[in-house]
Every structure is written in structure tokens, then in C-alpha cells.
Amino acid sequence: MSGPNRPAKAVVADFARYLRTETTGGLILLGATAIALLWANSPFDDIYRAIRDFRLGPEFLHLNLTIGDWAKDGLLALFFFVAGLELKRELVVGELSRFKQAILPVAAAIGGMIVPALVALSVGWGTPGIERAWAIPVATDIAFALGVLALTASNLPSSARVFLLSLAVVDDLGAILVIAILFTAKFDLVAAGVAVVALALYAYLQHRRVRSAWIYVPLALITWVAVHSAGIHATIAGVALGLLTRVRADEGEEHAPAIRLEHRLQPWSAAVAVPLFALFAAGIKVDGESLGAVFTTALPLAVLIGLVGGKLVGIFGAALLAVKFKLAEKPRDMGWRDIGALSMLGGVGFTVSLLIADLALDGEAVELAKAAVLIASAVASLAGAALLFHRNRVHARED
């Protein structure tokens, strides 16, 4: 059925299906970033900052946060929950269920974290703030990178998407661990204990095949509040819950809980959570002077080179070494030039890099670091898209 008489439920289902595509998620994220930049550099920038800095929430739960913090701590937890679900699925029943296949993106992700951090440290050595800012270029943005891949490389094998997804999720998880260790100013042992108990109960309920959302939603909220109150960045709660969710369907069960949740929540993550975070994180002042400072000031230059150059060398080099020393297997349908193009795309730091910049720096330094992240992400996107477009044509000819 089509036209005006089509059931509203079917229209909603089609829209949700549209939101699940990586291309759509990347475009929405790009649009939110553009709005943030235009708004923050318009005559109405005071309205933008007033909304971003407006506080709401109960103080007794340490949740009297700004709108920007709610986007950073709350909405991104949903994003990482979905990422955790997809990673768990790939590791247990997907293309990464074999050890040597799983090791390749993990090794690449580790290289893609260590090398950019070392590059950033060496370029910015001696600059105030670099002792925290080195962490900014360690992350790869999942939504943006997969969006570019979907837009430019439809003929690449499916293993390319799995490699990039796994790489991005693993190094974002690594970045979240860096946040938990490096940017935890206080630690509340009681709240951490509550979080551990809540996570253990969640795992137990999954094991007992309990399916009621009336139990899981309050439990997830308790976990999130406890992790936040413990002083650990609240996105850790999303990752942990995702990795504890069951991914194997029982006999007579159409889909496992992880598949159902991913199917339901991915459109909310792509269309609401990540774009709203970008809207309040990417609103920086951009003019000739600030852009010039990115290329002439050590700290933002360290972030820029770390993302564009460090990611490429780290991801490709680690993957090459892992295969050379027989620790990992390269998918047969992927060539080294494919992995090189995907490594270039790894320099799209964006979401988590902006998050780390917010946590690591303040004042003018955070604005310059964010500008460096945006420039680096644009350069890596364009260069990666050009390389992937070429590889796409090669694979199309071979097919």
C-alpha cells in the first residue's frame, strides 16, 4: 500500500529503516555540525551559549548539569550502548568470532591509539596542556567514518565495513578507558559499588532470559547514575551494558535481545543522540585568526597531525605487523590498499575527540583543539573518500 492511505505504522517503520543506514547517520551528524558552527558564529551566538550552558537536573544525585553536559554524558551513553551491542554481536556470532580475524581490527585500533598519541606528544612537547591533550587524537568516529564508507564504497566487500566498525568501536572503547583513568577527578567507592551490583544484576537477568523493559530501563538508569556519581565518565555505563547483553537467540526466539535492542535504538542514536551532542560540542568561533592559530600553535597542530598522520600510520602499520607476524589474518577479499584507505578514514576523530577535548582543556585551548579536530576530520574524510572511491571502482571492475 502506498500514498496517503498508507498506515502510519508502516511510514514510521520505513523512516526508522532509513535512519539505520550509515549514510543517513553521517549526513545528519554533518548537518548538526554545520548548524552548530553557523549558529555559534552568527549574531545569535549568545542564545546558543545560553542554551548550551543552561542547568537542569537534581543536585542531590550530582545531576545538576548543563544541557551540553547532558548531551555529553547522557546521550553519548546511548550511542556507546548501541556500539557495544554491535561489537558484542560481531565478536560472538559475526565475522570477528574467529580469533585471528578479531585480532586484526583490535591490533589496528591499538596502533591507531598509540601512534597518534606519540605523534601529538612529540609535536606539542613542552606546551601547557599537552599532558592531557595527547588523548584527543586517539579516537575514530564510528558514525562519520561508516557514513563516508557507505557513501563512497558500495562495491567494497562486507569485511571492509566490519573491519572499520570494529576498529572504530575498539579504539573508542580505548578512548573511554583513557577518559575513565585520566579524567576521573574524584572517585566515589559507594557509587561504584552500586554500579557493579547493577551491572551484575543486568547480566544475571540476561542469563535468566528476563525480557521485561520495565525492569531493564530502570536498571540501566540506575547504572548510568551510579557510574556518573562515582566520578567515572557516564558513557562507560552504556558500553558495559551493551557488552553484557545476550547475542545468541534461544530455540524458538526470533531474535536475541542484542539484535532487538540494536534494531530499536540505532535510529535514536543516529538521529538524536549523536547529532545533539555535535550540536552542543561543535559550536566554536571560527575566523581567520583562530584558523591560523590551529596551524601555528603547537597544541592544536599536535592534535591535527596526530589525527591525520598518526592514525594512518598507526592503523595501517599495526595491521601490517599483526599479519606479518601471523598474529592475525587479513580477510581474503580485502587488499592492503583497501586497508590503507580505511586507515586514512580512521583519522575522522570527531565525536569522541570533541568529548576528550572538552574534558582535557578549557578556555581558548579547548576552542583551538576542537577546531583542529574538525579540520582533521574534514581532511581525513575527503582523503579517505577519494581513496575509497578509487578502490570501489577497482572492486567493481573485478566483480
# chains A, B, ... in the order shown; residues from 1 in each chain; ligands from 1
$ residues_around --residues "A:Val247" --least-positions-apart "6" --cutoff "10 Å" --atoms "only C-alpha atoms" --output "JSON, numbers by chain"
{"A": [85, 86, 88, 89, 90, 91, 92, 93, 206, 255, 256, 257, 258, 259, 260]}
$ write_last_selection --atoms "N, CA and C atoms" --output "PDB file, in the first residue's frame"
ATOM      1  N   LEU A  85      26.626  -3.116  21.699  1.00  0.00           N
ATOM      2  CA  LEU A  85      25.778  -4.203  21.193  1.00  0.00           C
ATOM      3  C   LEU A  85      26.314  -4.753  19.876  1.00  0.00           C
ATOM      4  N   GLU A  86      26.683  -3.850  18.977  1.00  0.00           N
ATOM      5  CA  GLU A  86      27.142  -4.297  17.658  1.00  0.00           C
ATOM      6  C   GLU A  86      28.489  -5.001  17.759  1.00  0.00           C
ATOM      7  N   LYS A  88      29.633  -6.644  20.412  1.00  0.00           N
ATOM      8  CA  LYS A  88      29.397  -7.946  21.038  1.00  0.00           C
ATOM      9  C   LYS A  88      28.845  -8.941  20.012  1.00  0.00           C
ATOM     10  N   ARG A  89      27.949  -8.468  19.165  1.00  0.00           N
ATOM     11  CA  ARG A  89      27.377  -9.355  18.141  1.00  0.00           C
ATOM     12  C   ARG A  89      28.451  -9.850  17.186  1.00  0.00           C
ATOM     13  N   GLU A  90      29.313  -8.939  16.722  1.00  0.00           N
ATOM     14  CA  GLU A  90      30.363  -9.340  15.788  1.00  0.00           C
ATOM     15  C   GLU A  90      31.352 -10.305  16.438  1.00  0.00           C
ATOM     16  N   LEU A  91      31.651 -10.083  17.719  1.00  0.00           N
ATOM     17  CA  LEU A  91      32.624 -10.931  18.414  1.00  0.00           C
ATOM     18  C   LEU A  91      32.077 -12.324  18.700  1.00  0.00           C
ATOM     19  N   VAL A  92      30.775 -12.425  18.959  1.00  0.00           N
ATOM     20  CA  VAL A  92      30.200 -13.716  19.372  1.00  0.00           C
ATOM     21  C   VAL A  92      29.666 -14.513  18.184  1.00  0.00           C
ATOM     22  N   VAL A  93      28.917 -13.863  17.302  1.00  0.00           N
ATOM     23  CA  VAL A  93      28.282 -14.606  16.209  1.00  0.00           C
ATOM     24  C   VAL A  93      28.615 -14.044  14.829  1.00  0.00           C
ATOM     25  N   GLN A 206      19.828 -11.204  32.140  1.00  0.00           N
ATOM     26  CA  GLN A 206      20.036 -11.662  30.773  1.00  0.00           C
ATOM     27  C   GLN A 206      20.209 -13.180  30.748  1.00  0.00           C
ATOM     28  N   HIS A 255      14.775 -13.324  17.498  1.00  0.00           N
ATOM     29  CA  HIS A 255      15.993 -12.516  17.590  1.00  0.00           C
ATOM     30  C   HIS A 255      16.467 -12.474  19.034  1.00  0.00           C
ATOM     31  N   ALA A 256      17.778 -12.440  19.223  1.00  0.00           N
ATOM     32  CA  ALA A 256      18.364 -12.277  20.555  1.00  0.00           C
ATOM     33  C   ALA A 256      18.135 -10.847  21.039  1.00  0.00           C
ATOM     34  N   PRO A 257      18.214 -10.611  22.363  1.00  0.00           N
ATOM     35  CA  PRO A 257      17.981  -9.262  22.891  1.00  0.00           C
ATOM     36  C   PRO A 257      18.877  -8.196  22.266  1.00  0.00           C
ATOM     37  N   ALA A 258      20.153  -8.525  22.031  1.00  0.00           N
ATOM     38  CA  ALA A 258      21.066  -7.525  21.451  1.00  0.00           C
ATOM     39  C   ALA A 258      20.609  -7.083  20.074  1.00  0.00           C
ATOM     40  N   ILE A 259      20.110  -8.013  19.275  1.00  0.00           N
ATOM     41  CA  ILE A 259      19.637  -7.678  17.923  1.00  0.00           C
ATOM     42  C   ILE A 259      18.400  -6.803  18.006  1.00  0.00           C
ATOM     43  N   ARG A 260      17.462  -7.177  18.902  1.00  0.00           N
ATOM     44  CA  ARG A 260      16.231  -6.384  19.044  1.00  0.00           C
ATOM     45  C   ARG A 260      16.538  -4.969  19.510  1.00  0.00           C
TER      46      ARG A 260
END
$ atom_distance --atom1 "atom CA of A:Leu387" --atom2 "atom CA of A:Ala341"
5.3 Å
$ atom_distance --atom1 "atom CA of A:Leu167" --atom2 "atom CA of A:Pro105"
4.8 Å
$ residues_around --residues "A:Gly74" --least-positions-apart "2" --cutoff "9 Å" --atoms "only C-alpha atoms" --output "ChimeraX atom specification"
/A:69-72,76-78,224,234-235,273
$ write_last_selection --atoms "N, CA and C atoms" --output "CSV table (one decimal), in the first residue's frame"
chain,number,residue,atom,x,y,z
A,69,ASP,N,26.4,19.2,29.0
A,69,ASP,CA,26.8,18.1,29.7
A,69,ASP,C,25.8,16.9,29.6
A,70,TRP,N,24.6,17.2,29.6
A,70,TRP,CA,23.6,16.1,29.4
A,70,TRP,C,23.8,15.4,28.1
A,71,ALA,N,24.1,16.2,27.0
A,71,ALA,CA,24.4,15.7,25.7
A,71,ALA,C,25.6,14.8,25.7
A,72,LYS,N,26.6,15.3,26.4
A,72,LYS,CA,27.9,14.7,26.5
A,72,LYS,C,27.9,13.4,27.4
A,76,LEU,N,25.4,10.4,24.7
A,76,LEU,CA,26.5,9.6,24.2
A,76,LEU,C,26.5,8.2,24.9
A,77,ALA,N,25.9,8.1,26.0
A,77,ALA,CA,25.8,6.7,26.7
A,77,ALA,C,25.0,5.8,25.8
A,78,LEU,N,23.9,6.4,25.2
A,78,LEU,CA,23.0,5.6,24.3
A,78,LEU,C,23.9,5.2,23.0
A,224,TRP,N,23.6,4.0,35.0
A,224,TRP,CA,24.2,5.3,34.5
A,224,TRP,C,24.4,6.3,35.6
A,234,ALA,N,30.1,8.8,32.3
A,234,ALA,CA,28.9,8.0,32.3
A,234,ALA,C,28.8,7.2,31.1
A,235,THR,N,29.5,7.5,30.0
A,235,THR,CA,29.4,6.7,28.8
A,235,THR,C,29.9,5.2,29.0
A,273,ALA,N,20.8,11.2,19.4
A,273,ALA,CA,21.9,11.3,20.4
A,273,ALA,C,23.2,11.9,19.9
$ closest_residue --among "A:Ala192, A:Ile315, A:Ala153, A:Ala271" --to "A:Val394" --atoms "only C-alpha atoms"
A:Ala153
$ residues_around --residues "A:Phe80" --least-positions-apart "3" --cutoff "12 Å" --atoms "only C-alpha atoms" --output "number ranges by chain"
A: 72-77, 83-88, 141-143, 168-170, 172-173, 175-176, 233-243, 262, 265-266, 269-270, 273-274, 351-352
$ residues_around --residues "stretch 359-367 of chain A" --least-positions-apart "3" --cutoff "9 Å" --atoms "only C-alpha atoms" --output "list in words"
Gly129, Arg132, Ala133, Ala135, Ile136, Ile179, Leu182, Phe183, Ile284, Lys285, Ser290, Leu299, Pro300, Leu354, Leu355, Ile356, Lys370, Ala371 and Ala372 of chain A
$ select_by_dssp --residues "stretch 82-269 of chain A" --states "alpha helix (DSSP H)" --output "PyMOL selection string"
chain A and resi 82-92+99-123+130-133+142-152+158-182+189-207+213-229+235-243+257-268
$ atom_distance --atom1 "atom CA of A:Leu244" --atom2 "atom CA of A:Trp214"
18.0 Å
$ closest_atom_pairs --of "stretch 45-127 of chain A" --to "stretch 322-335 of chain A" --cutoff "7 Å" --atoms "only C-alpha atoms" --output "tab-separated table"
residue	atom	partner	partner_atom	distance
A:Lys100	CA	A:Ala328	CA	4.4
A:Gln101	CA	A:Glu329	CA	5.5
A:Ile103	CA	A:Ala328	CA	5.5
A:Leu104	CA	A:Ala328	CA	5.2
A:Ala107	CA	A:Ala322	CA	6.7
$ write_last_selection --atoms "C-alpha atoms" --output "mmCIF file, in the first residue's frame"
data_model
loop_
_atom_site.group_PDB
_atom_site.id
_atom_site.type_symbol
_atom_site.label_atom_id
_atom_site.label_comp_id
_atom_site.auth_asym_id
_atom_site.auth_seq_id
_atom_site.Cartn_x
_atom_site.Cartn_y
_atom_site.Cartn_z
ATOM 1 C CA LYS A 100 42.676 -14.384 14.179
ATOM 2 C CA GLN A 101 40.055 -12.363 12.337
ATOM 3 C CA ILE A 103 42.758 -9.673 16.287
ATOM 4 C CA LEU A 104 43.300 -7.664 13.070
ATOM 5 C CA ALA A 107 45.663 -4.626 16.672
#
$ residues_around --residues "A:Arg209" --least-positions-apart "5" --cutoff "12 Å" --atoms "only C-alpha atoms" --output "PyMOL selection string"
chain A and resi 202-204+216+245-250+253+256-257
$ residues_around --residues "A:Leu374" --least-positions-apart "6" --cutoff "9 Å" --atoms "only C-alpha atoms" --output "compact mmCIF listing (two decimals) with N, CA and C atoms, in the first residue's frame"
# COMPACT_ATOMS: atom_id res chain seq x y z
N ALA A 282 30.25 21.21 18.85
CA ALA A 282 30.99 21.74 17.70
C ALA A 282 30.80 23.24 17.50
N LEU A 304 45.97 17.93 15.23
CA LEU A 304 45.72 17.82 13.78
C LEU A 304 46.62 16.76 13.15
N VAL A 348 39.15 10.36 11.14
CA VAL A 348 37.92 11.11 11.45
C VAL A 348 37.64 10.92 12.94
N GLY A 349 38.17 11.80 13.77
CA GLY A 349 38.03 11.67 15.22
C GLY A 349 36.68 12.10 15.72
N PHE A 350 36.32 13.29 15.41
CA PHE A 350 35.03 13.93 15.68
C PHE A 350 34.43 13.65 17.05
N LEU A 354 36.07 15.30 20.22
CA LEU A 354 35.48 16.53 20.77
C LEU A 354 35.17 16.36 22.25
$ closest_residue --among "A:Asp46, A:Glu59, A:Asp171, A:Glu289" --to "A:Met113" --atoms "only C-alpha atoms"
A:Asp171
$ closest_residue --among "A:Val286, A:Val313, A:Ser381, A:Ile28" --to "A:Ala40" --atoms "only C-alpha atoms"
A:Val286
$ select_by_dssp --residues "stretch 34-275 of chain A" --states "strand (DSSP E)" --output "PyMOL selection string"
chain A and resi 55-56+65-66
$ decode --residues "stretch 302-340 of chain A" --atoms "N, CA and C atoms" --output "PDB file, in the first residue's frame"
ATOM      1  N   ALA A 302      49.410  19.635  17.122  1.00  0.00           N
ATOM      2  CA  ALA A 302      49.673  18.269  17.581  1.00  0.00           C
ATOM      3  C   ALA A 302      48.432  17.393  17.402  1.00  0.00           C
ATOM      4  N   VAL A 303      47.263  17.943  17.719  1.00  0.00           N
ATOM      5  CA  VAL A 303      46.003  17.205  17.545  1.00  0.00           C
ATOM      6  C   VAL A 303      45.758  16.922  16.058  1.00  0.00           C
ATOM      7  N   LEU A 304      45.967  17.934  15.227  1.00  0.00           N
ATOM      8  CA  LEU A 304      45.723  17.821  13.784  1.00  0.00           C
ATOM      9  C   LEU A 304      46.616  16.759  13.147  1.00  0.00           C
ATOM     10  N   ILE A 305      47.917  16.830  13.424  1.00  0.00           N
ATOM     11  CA  ILE A 305      48.855  15.870  12.831  1.00  0.00           C
ATOM     12  C   ILE A 305      48.635  14.481  13.422  1.00  0.00           C
ATOM     13  N   GLY A 306      48.318  14.421  14.714  1.00  0.00           N
ATOM     14  CA  GLY A 306      48.037  13.140  15.339  1.00  0.00           C
ATOM     15  C   GLY A 306      46.883  12.418  14.669  1.00  0.00           C
ATOM     16  N   LEU A 307      45.807  13.147  14.358  1.00  0.00           N
ATOM     17  CA  LEU A 307      44.641  12.537  13.730  1.00  0.00           C
ATOM     18  C   LEU A 307      44.889  12.164  12.269  1.00  0.00           C
ATOM     19  N   VAL A 308      45.428  13.096  11.488  1.00  0.00           N
ATOM     20  CA  VAL A 308      45.564  12.852  10.049  1.00  0.00           C
ATOM     21  C   VAL A 308      46.731  11.913   9.745  1.00  0.00           C
ATOM     22  N   GLY A 309      47.911  12.197  10.309  1.00  0.00           N
ATOM     23  CA  GLY A 309      49.086  11.375  10.020  1.00  0.00           C
ATOM     24  C   GLY A 309      49.236  10.192  10.952  1.00  0.00           C
ATOM     25  N   GLY A 310      49.051  10.434  12.249  1.00  0.00           N
ATOM     26  CA  GLY A 310      49.251   9.383  13.238  1.00  0.00           C
ATOM     27  C   GLY A 310      48.291   8.222  13.071  1.00  0.00           C
ATOM     28  N   LYS A 311      47.032   8.524  12.778  1.00  0.00           N
ATOM     29  CA  LYS A 311      46.038   7.467  12.596  1.00  0.00           C
ATOM     30  C   LYS A 311      46.381   6.587  11.390  1.00  0.00           C
ATOM     31  N   LEU A 312      46.734   7.215  10.285  1.00  0.00           N
ATOM     32  CA  LEU A 312      47.060   6.474   9.071  1.00  0.00           C
ATOM     33  C   LEU A 312      48.227   5.516   9.309  1.00  0.00           C
ATOM     34  N   VAL A 313      49.304   6.042   9.879  1.00  0.00           N
ATOM     35  CA  VAL A 313      50.496   5.224  10.132  1.00  0.00           C
ATOM     36  C   VAL A 313      50.213   4.156  11.185  1.00  0.00           C
ATOM     37  N   GLY A 314      49.535   4.535  12.265  1.00  0.00           N
ATOM     38  CA  GLY A 314      49.288   3.612  13.363  1.00  0.00           C
ATOM     39  C   GLY A 314      48.389   2.456  12.974  1.00  0.00           C
ATOM     40  N   ILE A 315      47.260   2.752  12.308  1.00  0.00           N
ATOM     41  CA  ILE A 315      46.314   1.694  11.942  1.00  0.00           C
ATOM     42  C   ILE A 315      46.917   0.761  10.901  1.00  0.00           C
ATOM     43  N   PHE A 316      47.444   1.343   9.810  1.00  0.00           N
ATOM     44  CA  PHE A 316      47.988   0.505   8.734  1.00  0.00           C
ATOM     45  C   PHE A 316      49.210  -0.270   9.208  1.00  0.00           C
ATOM     46  N   GLY A 317      50.099   0.414   9.942  1.00  0.00           N
ATOM     47  CA  GLY A 317      51.324  -0.232  10.409  1.00  0.00           C
ATOM     48  C   GLY A 317      51.039  -1.379  11.360  1.00  0.00           C
ATOM     49  N   ALA A 318      50.117  -1.195  12.292  1.00  0.00           N
ATOM     50  CA  ALA A 318      49.789  -2.250  13.257  1.00  0.00           C
ATOM     51  C   ALA A 318      49.123  -3.439  12.563  1.00  0.00           C
ATOM     52  N   ALA A 319      48.234  -3.155  11.592  1.00  0.00           N
ATOM     53  CA  ALA A 319      47.590  -4.242  10.845  1.00  0.00           C
ATOM     54  C   ALA A 319      48.621  -5.042  10.053  1.00  0.00           C
ATOM     55  N   LEU A 320      49.538  -4.337   9.426  1.00  0.00           N
ATOM     56  CA  LEU A 320      50.589  -4.991   8.632  1.00  0.00           C
ATOM     57  C   LEU A 320      51.469  -5.876   9.511  1.00  0.00           C
ATOM     58  N   LEU A 321      51.872  -5.367  10.659  1.00  0.00           N
ATOM     59  CA  LEU A 321      52.721  -6.134  11.573  1.00  0.00           C
ATOM     60  C   LEU A 321      51.983  -7.353  12.129  1.00  0.00           C
ATOM     61  N   ALA A 322      50.701  -7.172  12.459  1.00  0.00           N
ATOM     62  CA  ALA A 322      49.919  -8.291  13.013  1.00  0.00           C
ATOM     63  C   ALA A 322      49.814  -9.438  12.016  1.00  0.00           C
ATOM     64  N   VAL A 323      49.634  -9.115  10.730  1.00  0.00           N
ATOM     65  CA  VAL A 323      49.547 -10.155   9.702  1.00  0.00           C
ATOM     66  C   VAL A 323      50.929 -10.746   9.420  1.00  0.00           C
ATOM     67  N   LYS A 324      51.952  -9.886   9.351  1.00  0.00           N
ATOM     68  CA  LYS A 324      53.317 -10.333   9.060  1.00  0.00           C
ATOM     69  C   LYS A 324      53.806 -11.333  10.104  1.00  0.00           C
ATOM     70  N   PHE A 325      53.506 -11.079  11.372  1.00  0.00           N
ATOM     71  CA  PHE A 325      53.952 -11.966  12.441  1.00  0.00           C
ATOM     72  C   PHE A 325      52.930 -13.064  12.756  1.00  0.00           C
ATOM     73  N   LYS A 326      51.925 -13.204  11.828  1.00  0.00           N
ATOM     74  CA  LYS A 326      50.938 -14.285  11.906  1.00  0.00           C
ATOM     75  C   LYS A 326      50.100 -14.274  13.190  1.00  0.00           C
ATOM     76  N   LEU A 327      49.934 -13.071  13.752  1.00  0.00           N
ATOM     77  CA  LEU A 327      49.041 -12.925  14.895  1.00  0.00           C
ATOM     78  C   LEU A 327      47.591 -12.795  14.435  1.00  0.00           C
ATOM     79  N   ALA A 328      47.431 -12.321  13.193  1.00  0.00           N
ATOM     80  CA  ALA A 328      46.086 -12.068  12.668  1.00  0.00           C
ATOM     81  C   ALA A 328      46.017 -12.500  11.211  1.00  0.00           C
ATOM     82  N   GLU A 329      44.798 -12.616  10.700  1.00  0.00           N
ATOM     83  CA  GLU A 329      44.574 -12.931   9.294  1.00  0.00           C
ATOM     84  C   GLU A 329      43.879 -11.773   8.606  1.00  0.00           C
ATOM     85  N   LYS A 330      44.362 -11.437   7.425  1.00  0.00           N
ATOM     86  CA  LYS A 330      43.687 -10.421   6.618  1.00  0.00           C
ATOM     87  C   LYS A 330      42.563 -11.088   5.835  1.00  0.00           C
ATOM     88  N   PRO A 331      41.369 -10.505   5.814  1.00  0.00           N
ATOM     89  CA  PRO A 331      40.284 -11.087   5.013  1.00  0.00           C
ATOM     90  C   PRO A 331      40.717 -11.277   3.562  1.00  0.00           C
ATOM     91  N   ARG A 332      40.386 -12.397   2.986  1.00  0.00           N
ATOM     92  CA  ARG A 332      40.855 -12.715   1.632  1.00  0.00           C
ATOM     93  C   ARG A 332      40.323 -11.759   0.582  1.00  0.00           C
ATOM     94  N   ASP A 333      39.143 -11.222   0.821  1.00  0.00           N
ATOM     95  CA  ASP A 333      38.553 -10.335  -0.187  1.00  0.00           C
ATOM     96  C   ASP A 333      38.973  -8.875  -0.017  1.00  0.00           C
ATOM     97  N   MET A 334      39.862  -8.587   0.924  1.00  0.00           N
ATOM     98  CA  MET A 334      40.360  -7.225   1.127  1.00  0.00           C
ATOM     99  C   MET A 334      41.844  -7.152   0.815  1.00  0.00           C
ATOM    100  N   GLY A 335      42.253  -6.140   0.043  1.00  0.00           N
ATOM    101  CA  GLY A 335      43.664  -5.924  -0.254  1.00  0.00           C
ATOM    102  C   GLY A 335      44.271  -4.912   0.705  1.00  0.00           C
ATOM    103  N   TRP A 336      45.589  -4.793   0.685  1.00  0.00           N
ATOM    104  CA  TRP A 336      46.272  -3.831   1.559  1.00  0.00           C
ATOM    105  C   TRP A 336      45.915  -2.392   1.190  1.00  0.00           C
ATOM    106  N   ARG A 337      45.610  -2.165  -0.080  1.00  0.00           N
ATOM    107  CA  ARG A 337      45.210  -0.802  -0.471  1.00  0.00           C
ATOM    108  C   ARG A 337      43.837  -0.454   0.103  1.00  0.00           C
ATOM    109  N   ASP A 338      42.976  -1.466   0.228  1.00  0.00           N
ATOM    110  CA  ASP A 338      41.687  -1.246   0.906  1.00  0.00           C
ATOM    111  C   ASP A 338      41.925  -0.848   2.364  1.00  0.00           C
ATOM    112  N   ILE A 339      42.818  -1.579   3.029  1.00  0.00           N
ATOM    113  CA  ILE A 339      43.109  -1.291   4.436  1.00  0.00           C
ATOM    114  C   ILE A 339      43.765   0.082   4.570  1.00  0.00           C
ATOM    115  N   GLY A 340      44.595   0.459   3.591  1.00  0.00           N
ATOM    116  CA  GLY A 340      45.199   1.796   3.606  1.00  0.00           C
ATOM    117  C   GLY A 340      44.146   2.896   3.523  1.00  0.00           C
TER     118      GLY A 340
END
